[in-house]
Amino acid sequence: MMPKKYLLSFLIFYGVLSIFVVLTNTVVDPFSVIGSPRYEGFNQFKVDINSRVRLSKTYQPLRANFHTLIVGNSRVEMGINPKHTCLSLNERKSYNLGIPGADVGYQVASALNLAYQKPIDTILISIDFTDFLVLPRHQPSIENTGIPNLNNTSYRVDGSVNDSYRLRYLKDHYQSLYSLDAFLSSLKTIVLQNPYAPSRDDAGFNSAMDFVEMTSTEGVNHLFRQKEKELESKYMNGWSLYYSNGGLSQDFSYLEEFISRTTERGIRVVVFTNPLHQNFWEVMKRAGLMKQNAVFLDEIKKIIYRSGNQYVDFWDFSGDSVFIHEDLSKVRRKGVGLKWFWEPAHYKKELGDLMIESIFSKECGTKEIFGQKIISAPI
């Protein structure tokens with residue numbers, strides 16, 4: 001009888017523990033997957049979400065209704081506020097789909113998935129020439145067949161239903177609700193609640209409050225030096241917009257297909273480059289990549305002109321301006337940051353606000369004080 005009692009006790013304990021884990025993960029929702037309510041001092045800030053942003057932004061936008069979609073990488077996730085006044089006219093809503101580290105193919109495939117499901121009429125898509133660079137020795141593994149499909153989207157790039165999505169959905173939710181990893185993240189979320197913790201709000205925006213803390217503890221000069229070393233380590237290795245056979249990076253064709261598919265649906269597309277601090281461009285100069293940037297801008301213009309340009313605007317915020325020349329020598333003390341940049345590759349919301357006000361100056365009644373409108377749609 002004893003073995004049976006032990007087995008019964010174990011099963012009861014395991015069952016109670018399982019229920020506790022699932023309930024905790026459901027209430028805390030550490031990765032913002034299921035949309036549980038946020039409570040101040042409890043789970044308002046998703047402090048362990050930095051490594052799970054792709055998981056979060058696979059499901060979080062499906063719960064929201066929005067008219068404007070912001071697409072890009074970590075620069076727009078931290079720089080473009082979806083709740084800006086100019087994006088909220090006439091009770092409109094926006095969602096920031098900026099995904100740190102995502103390549104162009106992943107960005108546009110994720111955006112198309114939402115375009116097939118949400119009442120989106122405007123898409124802002126940021127482009128960085130560094131995201132289009134390839135190592136020439138790395139040839140495309142297969143013939144370019146278009147934007148790669150993702151297994152975590154309910155719709156494929158061509159708008160057809162993704163049959164493998166249901167299994168991925170179940171797997172992701174299982175791991176988010178019934179796993180030790182998620183449970184530990186829930187505990188961290190509860191214990192480490194503070195306004196300077198990493199987090200993403202319900203509109204996908206990263207307020208970058210952890211950068212505020214890093215600026216305070218490490219100093220902005222340290223953040224700049226650290227980022228510059230990362231950039232130099234990566235881009236001094238012979239990157240190019242071309243493969244060794246002379247073909248352009250596949251990312252250009254991905255962007256062109258994206259513009260074609262979205263404008264066919266009557267969606268207005270605003271393509272824009274991101275501002276980068278002069279220290280970023282100094283690294284690019286040392287890497288011999290400045291001519292590549294000029295080629296990049298020309299290729300983007302060609303893509304937009306080939307699209308017919310009926311619904312596409314192109315703004316360049318990457319050019320020279322007073323905003324990118326902030327002097328680091330004036331902010332040597334810890335806790336004092338720059339006005340417009342966190343570090344060379346990431347601009348602050350304050351600069352992103354000026355970008356939004358320029359793009360939507362006609363609708364919003366604001367002034368175009370930053371950026372250059374390269375191409376304007378006729379409508």
# chains A, B, ... in the order shown; residues from 1 in each chain; ligands from 1
call {"tool": "select_by_dssp", "arguments": {"residues": "region 5-200 of chain A", "states": "helix (DSSP H, G or I)", "output": "PyMOL selection string"}}
result
chain A and resi 5-28+50-63+74-79+85-87+89-91+104-115+129-132+165-177+180-191
call {"tool": "residues_around", "arguments": {"residues": "Thr145 (chain A)", "least_positions_apart": "6", "cutoff": "12 Å", "atoms": "only C-alpha atoms", "output": "ChimeraX atom specification"}}
result
/A:105,157-158,250-251,253-254,257
call {"tool": "closest_residue", "arguments": {"among": "A:Ser36, A:Gln175, A:Ser154, A:Ser186", "to": "Ile49 (chain A)", "atoms": "only C-alpha atoms"}}
result
A:Ser186
call {"tool": "atom_distance", "arguments": {"atom1": "CA of Gly319 (chain A)", "atom2": "CA of Ala377 (chain A)"}}
result
20.9 Å
call {"tool": "closest_residue", "arguments": {"among": "A:Gln60, A:Ser244, A:Ser110, A:Asn73", "to": "Gly159 (chain A)", "atoms": "only C-alpha atoms"}}
result
A:Ser110
call {"tool": "closest_residue", "arguments": {"among": "A:Gly238, A:Gly35, A:Pro275, A:Gly246", "to": "Ala287 (chain A)", "atoms": "only C-alpha atoms"}}
result
A:Gly238
call {"tool": "atom_distance", "arguments": {"atom1": "CA of Leu69 (chain A)", "atom2": "CA of Tyr95 (chain A)"}}
result
5.2 Å
call {"tool": "closest_residue", "arguments": {"among": "A:Pro100, A:Pro30, A:Gly337, A:Pro61", "to": "Lys118 (chain A)", "atoms": "only C-alpha atoms"}}
result
A:Pro61
call {"tool": "residues_around", "arguments": {"residues": "Gly72 (chain A)", "least_positions_apart": "3", "cutoff": "8 Å", "atoms": "only C-alpha atoms", "output": "PyMOL selection string"}}
result
chain A and resi 75-77+97-99+102+104+107+125-127
call {"tool": "closest_residue", "arguments": {"among": "A:Ser318, A:Asn309, A:Asn245, A:Asn237", "to": "Gly288 (chain A)", "atoms": "only C-alpha atoms"}}
result
A:Asn237
call {"tool": "closest_residue", "arguments": {"among": "A:Tyr243, A:Phe224, A:Phe317, A:Phe323", "to": "Val283 (chain A)", "atoms": "only C-alpha atoms"}}
result
A:Phe224
call {"tool": "residues_around", "arguments": {"residues": "Trp342 (chain A)", "least_positions_apart": "2", "cutoff": "10 Å", "atoms": "only C-alpha atoms", "output": "ChimeraX atom specification"}}
result
/A:78,208,211-212,214-215,220-221,223-224,277,337-340,344-349
